[in-house]
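Reproduced below: work_5.cif, with mmCIF, C-alpha atoms.
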data_run
#
loop_
_atom_site.label_atom_id
_atom_site.label_comp_id
_atom_site.auth_asym_id
_atom_site.auth_seq_id
_atom_site.Cartn_x
_atom_site.Cartn_y
_atom_site.Cartn_z
CA MET A 1238 131.70 46.21 89.02
CA THR A 1239 133.00 42.67 89.56
CA SER A 1240 136.71 42.02 89.26
CA ASP A 1241 136.08 39.55 86.39
CA LEU A 1242 134.10 42.15 84.44
CA ALA A 1243 136.77 44.80 85.01
CA ALA A 1244 139.42 42.32 83.85
CA PHE A 1245 137.36 41.49 80.75
CA ARG A 1246 137.05 45.16 79.82
CA ALA A 1247 140.78 45.71 80.26
CA HIS A 1248 141.60 42.53 78.34
CA LEU A 1249 139.38 43.37 75.38
CA THR A 1250 140.52 46.99 75.24
CA GLY A 1251 144.17 46.01 75.53
CA HIS A 1252 144.02 43.62 72.60
CA LEU A 1253 142.17 46.08 70.40
CA ASP A 1254 144.70 48.77 71.36
CA TRP A 1255 147.45 46.49 70.05
CA PHE A 1256 145.84 46.36 66.61
CA ALA A 1257 145.00 50.06 66.54
CA GLU A 1258 148.54 51.04 67.45
CA ARG A 1259 149.76 49.14 64.39
CA GLY A 1260 147.19 50.60 62.06
CA THR A 1261 145.23 47.38 61.70
CA GLN A 1262 141.86 46.10 62.87
CA VAL A 1263 140.19 42.92 64.01
CA ARG A 1264 137.16 42.23 61.87
CA PHE A 1265 134.12 41.06 63.83
CA TRP A 1266 130.74 39.67 62.94
CA TRP A 1267 127.76 38.55 65.01
CA ARG A 1268 125.52 35.51 64.45
CA ASP A 1269 122.45 34.69 66.53
CA ASP A 1270 120.62 31.38 66.07
CA ASP A 1271 117.07 30.00 66.18
CA ALA A 1272 114.85 32.98 65.34
CA ILE A 1273 111.31 32.14 64.27
CA ALA A 1274 109.09 34.90 65.71
CA PRO A 1275 109.24 38.28 67.44
CA THR A 1276 109.96 37.99 71.16
CA PRO A 1277 111.14 40.35 73.90
CA ALA A 1278 114.55 38.67 73.71
CA LEU A 1279 114.75 39.42 69.99
CA GLU A 1280 113.75 43.01 70.65
CA ARG A 1281 116.67 43.40 73.05
CA LEU A 1282 119.02 41.89 70.48
CA LEU A 1283 117.87 44.22 67.70
CA ALA A 1284 118.06 47.22 70.03
CA ALA A 1285 121.69 46.38 70.79
CA ALA A 1286 122.56 46.01 67.10
CA ASN A 1287 120.95 49.34 66.28
CA ALA A 1288 122.42 51.17 69.27
CA HIS A 1289 125.93 50.11 68.30
CA ASP A 1290 125.45 50.23 64.52
CA VAL A 1291 126.47 46.63 63.80
CA ASP A 1292 124.81 43.89 61.76
CA VAL A 1293 123.45 40.78 63.43
CA GLY A 1294 123.02 37.66 61.32
CA LEU A 1295 119.79 36.00 62.43
CA ALA A 1296 119.88 32.29 61.64
CA VAL A 1297 116.16 31.74 60.99
CA ILE A 1298 114.53 28.29 60.92
CA PRO A 1299 112.68 28.28 57.57
CA LYS A 1300 109.83 25.83 58.17
CA THR A 1301 108.60 27.52 61.36
CA ALA A 1302 109.53 31.15 60.57
CA THR A 1303 106.47 33.36 60.92
CA GLU A 1304 104.99 36.16 58.89
CA ALA A 1305 105.15 38.19 62.10
CA LEU A 1306 108.95 37.88 62.08
CA ALA A 1307 109.04 38.97 58.45
CA ASP A 1308 106.93 42.00 59.30
CA ARG A 1309 109.11 42.85 62.29
CA LEU A 1310 112.39 42.70 60.36
CA ARG A 1311 111.17 44.44 57.21
CA ASN A 1312 112.68 47.84 58.07
CA GLU A 1313 115.48 46.76 60.40
CA PRO A 1314 118.73 48.14 58.95
CA HIS A 1315 121.04 45.73 60.77
CA ALA A 1316 119.01 42.49 60.70
CA VAL A 1317 120.41 39.98 58.21
CA VAL A 1318 118.65 36.64 57.70
CA LEU A 1319 120.61 33.42 57.21
CA GLN A 1320 119.16 29.93 56.64
CA HIS A 1321 119.17 27.77 59.77
CA GLY A 1322 118.53 24.29 58.44
CA TRP A 1323 114.97 23.44 57.45
CA GLN A 1324 113.07 22.61 60.67
CA HIS A 1325 115.88 22.13 63.25
CA LEU A 1326 115.11 18.42 63.55
CA ASN A 1327 117.73 15.85 64.57
CA HIS A 1328 118.16 12.89 62.19
CA GLN A 1329 121.12 11.24 63.91
CA ARG A 1330 120.99 8.19 66.22
CA LYS A 1331 121.31 9.37 69.80
CA ASP A 1332 120.94 5.75 70.95
CA LEU A 1333 124.21 5.02 69.15
CA GLY A 1334 125.97 7.99 70.67
CA GLU A 1335 125.78 10.15 67.55
CA LYS A 1336 125.78 13.91 68.06
CA ALA A 1337 122.69 15.81 66.97
CA ALA A 1338 122.53 17.10 63.40
CA GLU A 1339 119.75 17.89 60.95
CA PHE A 1340 122.02 17.57 57.93
CA GLY A 1341 124.37 14.84 59.09
CA ASP A 1342 125.51 11.65 57.43
CA ARG A 1343 122.16 9.87 57.83
CA ARG A 1344 120.40 12.08 55.30
CA ALA A 1345 119.81 10.81 51.78
CA PRO A 1346 121.38 13.27 49.30
CA GLY A 1347 118.15 13.92 47.41
CA GLU A 1348 116.14 14.46 50.58
CA ALA A 1349 118.75 16.84 51.99
CA LEU A 1350 118.92 18.82 48.77
CA ALA A 1351 115.13 19.17 48.61
CA GLU A 1352 115.01 20.59 52.15
CA LEU A 1353 117.91 22.96 51.47
CA VAL A 1354 116.08 24.34 48.44
CA ALA A 1355 112.74 24.54 50.25
CA GLY A 1356 114.34 26.48 53.08
CA ARG A 1357 116.06 28.93 50.78
CA GLU A 1358 112.89 29.55 48.79
CA ARG A 1359 110.80 30.18 51.89
CA LEU A 1360 113.28 32.65 53.36
CA GLU A 1361 113.63 34.44 50.04
CA ALA A 1362 109.86 34.86 49.99
CA LEU A 1363 109.58 35.98 53.62
CA PHE A 1364 112.66 38.22 53.74
CA PRO A 1365 113.35 39.42 50.18
CA ALA A 1366 115.59 42.29 51.29
CA ALA A 1367 117.24 40.85 54.40
CA PHE A 1368 118.03 37.29 53.28
CA VAL A 1369 121.64 36.38 52.48
CA PRO A 1370 121.80 32.90 50.87
CA ALA A 1371 124.14 31.35 53.41
CA PHE A 1372 123.56 28.19 55.42
CA VAL A 1373 123.85 27.73 59.19
CA PRO A 1374 123.37 24.03 60.05
CA PRO A 1375 121.51 23.30 63.29
CA TRP A 1376 123.87 22.20 66.05
CA ASN A 1377 126.66 23.58 63.82
CA ARG A 1378 127.10 20.18 62.20
CA ILE A 1379 126.87 19.28 58.53
CA ALA A 1380 128.12 16.22 56.68
CA PRO A 1381 130.73 17.04 54.01
CA PRO A 1382 128.59 15.60 51.17
CA VAL A 1383 125.71 17.85 52.21
CA ALA A 1384 128.04 20.84 52.42
CA ARG A 1385 129.05 20.18 48.84
CA GLN A 1386 125.37 20.38 47.83
CA LEU A 1387 124.91 23.91 49.13
CA ALA A 1388 125.84 25.63 45.87
CA GLU A 1389 123.45 23.37 43.95
CA ALA A 1390 120.72 24.46 46.39
CA GLY A 1391 121.46 28.13 45.68
CA LEU A 1392 123.27 28.72 48.98
CA LYS A 1393 126.51 30.60 48.45
CA GLY A 1394 128.04 30.35 51.93
CA LEU A 1395 128.29 28.31 55.12
CA SER A 1396 128.72 29.22 58.78
CA THR A 1397 129.38 26.75 61.58
CA PHE A 1398 131.39 26.67 64.81
CA THR A 1399 134.50 24.71 63.94
CA TRP A 1400 138.08 24.87 62.76
CA GLU A 1401 137.25 22.60 59.83
CA THR A 1402 136.93 24.01 56.32
CA LEU A 1403 134.20 22.12 54.49
CA ILE A 1404 133.79 24.46 51.52
CA PRO A 1405 135.78 27.57 50.57
CA ALA A 1406 132.89 29.98 51.18
CA GLN A 1407 132.76 29.84 54.99
CA VAL A 1408 132.34 32.62 57.55
CA GLN A 1409 132.83 30.92 60.90
CA THR A 1410 131.91 31.70 64.48
CA HIS A 1411 134.48 31.33 67.26
CA LEU A 1412 133.01 32.45 70.60
CA ASP A 1413 129.82 30.81 71.89
CA ILE A 1414 128.84 32.67 75.04
CA ILE A 1415 126.56 29.94 76.48
CA LYS A 1416 127.49 26.97 78.62
CA TRP A 1417 125.04 24.41 77.25
CA LYS A 1418 125.39 21.36 79.46
CA LYS A 1419 123.70 21.01 82.84
CA ASP A 1420 122.79 24.53 83.93
CA ARG A 1421 122.47 26.50 80.70
CA ARG A 1422 123.99 29.91 81.34
CA PHE A 1423 126.58 32.52 80.40
CA ILE A 1424 130.08 31.02 80.33
CA GLY A 1425 131.46 33.84 82.49
CA TRP A 1426 133.77 36.80 82.00
CA ALA A 1427 136.95 34.84 82.68
CA SER A 1428 136.05 32.16 80.12
CA VAL A 1429 135.15 34.79 77.53
CA SER A 1430 138.53 36.46 78.03
CA GLU A 1431 140.38 33.15 77.70
CA ARG A 1432 138.60 32.23 74.47
CA LEU A 1433 139.07 35.67 72.96
CA GLU A 1434 142.76 35.53 73.87
CA LEU A 1435 143.31 32.64 71.46
CA GLN A 1436 141.40 34.36 68.66
CA PHE A 1437 143.23 37.67 69.07
CA LEU A 1438 146.64 36.00 69.12
CA ARG A 1439 145.78 34.06 65.97
CA ARG A 1440 144.85 37.27 64.21
CA ARG A 1441 148.11 38.94 65.14
CA ASN A 1442 149.76 36.41 62.85
CA THR A 1443 147.19 35.17 60.34
CA GLY A 1444 145.40 38.24 59.04
CA GLY A 1445 141.81 39.17 58.61
CA GLU A 1446 139.54 36.19 59.21
CA PRO A 1447 136.41 37.69 60.79
CA LEU A 1448 136.04 36.81 64.47
CA GLY A 1449 132.53 35.47 64.90
CA ILE A 1450 130.49 36.00 68.06
CA LEU A 1451 127.72 33.40 68.48
CA THR A 1452 124.60 34.06 70.55
CA HIS A 1453 121.19 32.42 70.99
CA HIS A 1454 118.75 35.11 72.11
CA LEU A 1455 116.04 32.67 73.24
CA ASP A 1456 118.46 31.05 75.70
CA HIS A 1457 120.08 34.13 77.21
CA ASP A 1458 120.30 34.65 80.93
CA ALA A 1459 121.22 37.95 82.56
CA GLY A 1460 124.91 37.23 82.07
CA CYS A 1461 124.50 36.76 78.32
CA GLU A 1462 122.52 39.99 78.08
CA ALA A 1463 125.25 41.81 80.00
CA PHE A 1464 127.93 40.37 77.73
CA VAL A 1465 126.23 41.64 74.57
CA GLU A 1466 126.11 45.17 75.95
CA GLU A 1467 129.57 45.20 77.51
CA PHE A 1468 131.25 43.66 74.47
CA LEU A 1469 129.59 45.95 71.95
CA ALA A 1470 130.20 49.04 74.10
CA ILE A 1471 133.91 48.47 73.53
CA ALA A 1472 134.33 46.43 70.35
CA ALA A 1473 131.77 48.29 68.23
CA HIS A 1474 133.45 51.65 68.80
CA HIS A 1475 137.18 50.94 69.07
CA PRO A 1476 139.57 52.01 66.27
CA GLY A 1477 141.16 48.55 66.45
CA ALA A 1478 137.87 46.88 65.45
CA ALA A 1479 135.87 46.76 62.23
CA TRP A 1480 132.38 45.41 61.62
CA PRO A 1481 131.85 44.69 57.91
CA ARG A 1482 128.35 44.22 56.61
CA ILE A 1483 127.45 40.54 56.80
CA ALA A 1484 126.31 40.43 53.19
CA ASP A 1485 129.75 41.72 52.20
CA LEU A 1486 131.52 39.04 54.22
CA PHE A 1487 129.66 36.23 52.46
CA ALA A 1488 130.14 37.89 49.09
CA GLU A 1489 133.85 38.11 49.85
CA VAL A 1490 134.28 34.40 50.60
CA ALA A 1491 132.04 33.41 47.69
CA ALA A 1492 134.29 35.34 45.32
CA ALA A 1493 137.56 34.05 46.77
#
Structure rendered as structure tokens:
Amino acid sequence: MTSDLAAFRAHLTGHLDWFAERGTQVRFWWRDDDAIAPTPALERLLAAANAHDVDVGLAVIPKTATEALADRLRNEPHAVVLQHGWQHLNHQRKDLGEKAAEFGDRRAPGEALAELVAGRERLEALFPAAFVPAFVPPWNRIAPPVARQLAEAGLKGLSTFTWETLIPAQVQTHLDIIKWKKDRRFIGWASVSERLELQFLRRRNTGGEPLGILTHHLDHDAGCEAFVEEFLAIAAHHPGAAWPRIADLFAEVAAA
């Protein structure tokens, strides 16, 4: 066992002990982006969710989602499908330094709305039991006017990776385990501990916002795979942690 891994285990357990000792819990949820088809990486993800009895919200790309994925998820008790854009295509101007977004400020409102609706309808047809009508914008970016169109498109929630509240019905993610620039890889045990520290301290004072773990199964290295197992081995079984059903979380914010 590396010293960083041992420190991570002690850090995570210590924070959850703090909540358990006070009769409270940190609420967690898990989102994984970019699913379109069955793969060995997806199999490992689903096996982890089932082994630890927690939901995983699969942000599925509607245009390229396959019938094979629908068949694979049909009887998965912990696989929840969320809408990941329409085709994960950037419409921003990289030549002008704009950050990538499929539903950014360069989209015409009518065109954006049509794609939102088309995506929802396709996922409803492919995944009638697993689909939760919540939107995950590619690259975690969405222009505020598009966010305000979600309800009109039949999408009752939003999930990104930000501190910003764009609509009331948001269930956010807070810990992305991948270092994306240069050598794409696991961010490391020390970085995970540092980022969780902030989230745990916030929840000691601000209540029950779900703490969202963000993964991308198609981009995982061995470190990411190890994190999923090590994290769930503690957090999915500790009395200081709770894992609500993802459908319930989005129903909760939609009703607030």
Return as number ranges by chain the set of residues that the PyMOL selection byres ((chain A and resi 1462) around 12) yields on the displayed structure.
A: 1278-1282, 1284-1285, 1414-1415, 1422-1425, 1452-1461, 1463-1469
Could you tell me which residues the PyMOL selection byres ((chain A and resi 1260-1268) around 8) grabs in this file, written as a VMD selection string?
chain A and resid 1253 1256 to 1259 1269 to 1270 1292 to 1296 1410 1437 1440 1445 to 1452 1476 to 1481 1483
Point-to-point distance from atom CA of A:Leu1392 to atom CA of A:Arg1482, Å rounded to tenths:
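Computing the Euclidean distance for atom CA of A:Leu1392 and atom CA of A:Arg1482 yields 18.0 Å.
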Check which residues satisfy the PyMOL selection byres ((chain A and resi 1372) around 8) in the file shown, then give them as number ranges by chain.
A: 1319-1322, 1370-1371, 1373-1374, 1387, 1392-1396
Counting only C-alpha atoms, I want the residues whose atoms come within 7 Å of (135.3, 34.4, 52.7) in the file frame, returned as an mmCIF file with C-alpha atoms, keeping the file's coordinate frame.
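File selection_16.cif, as written:
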data_model
loop_
_atom_site.group_PDB
_atom_site.id
_atom_site.type_symbol
_atom_site.label_atom_id
_atom_site.label_comp_id
_atom_site.auth_asym_id
_atom_site.auth_seq_id
_atom_site.Cartn_x
_atom_site.Cartn_y
_atom_site.Cartn_z
ATOM 1 C CA ALA A 1406 132.890 29.980 51.180
ATOM 2 C CA GLN A 1407 132.760 29.840 54.990
ATOM 3 C CA VAL A 1408 132.340 32.620 57.550
ATOM 4 C CA LEU A 1486 131.520 39.040 54.220
ATOM 5 C CA PHE A 1487 129.660 36.230 52.460
ATOM 6 C CA GLU A 1489 133.850 38.110 49.850
ATOM 7 C CA VAL A 1490 134.280 34.400 50.600
ATOM 8 C CA ALA A 1491 132.040 33.410 47.690
ATOM 9 C CA ALA A 1493 137.560 34.050 46.770
#
Report, in Å with one decimal, the straight-line distance from atom CA of A:Asp1308 to atom CA of A:Ala1351.
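For atom CA of A:Asp1308 relative to atom CA of A:Ala1351, the distance reads 26.5 Å.
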For the atom pair atom CA of A:Asn1327 and atom CA of A:Pro1405, what is the interatomic distance in Å to one decimal place?
25.7 Å
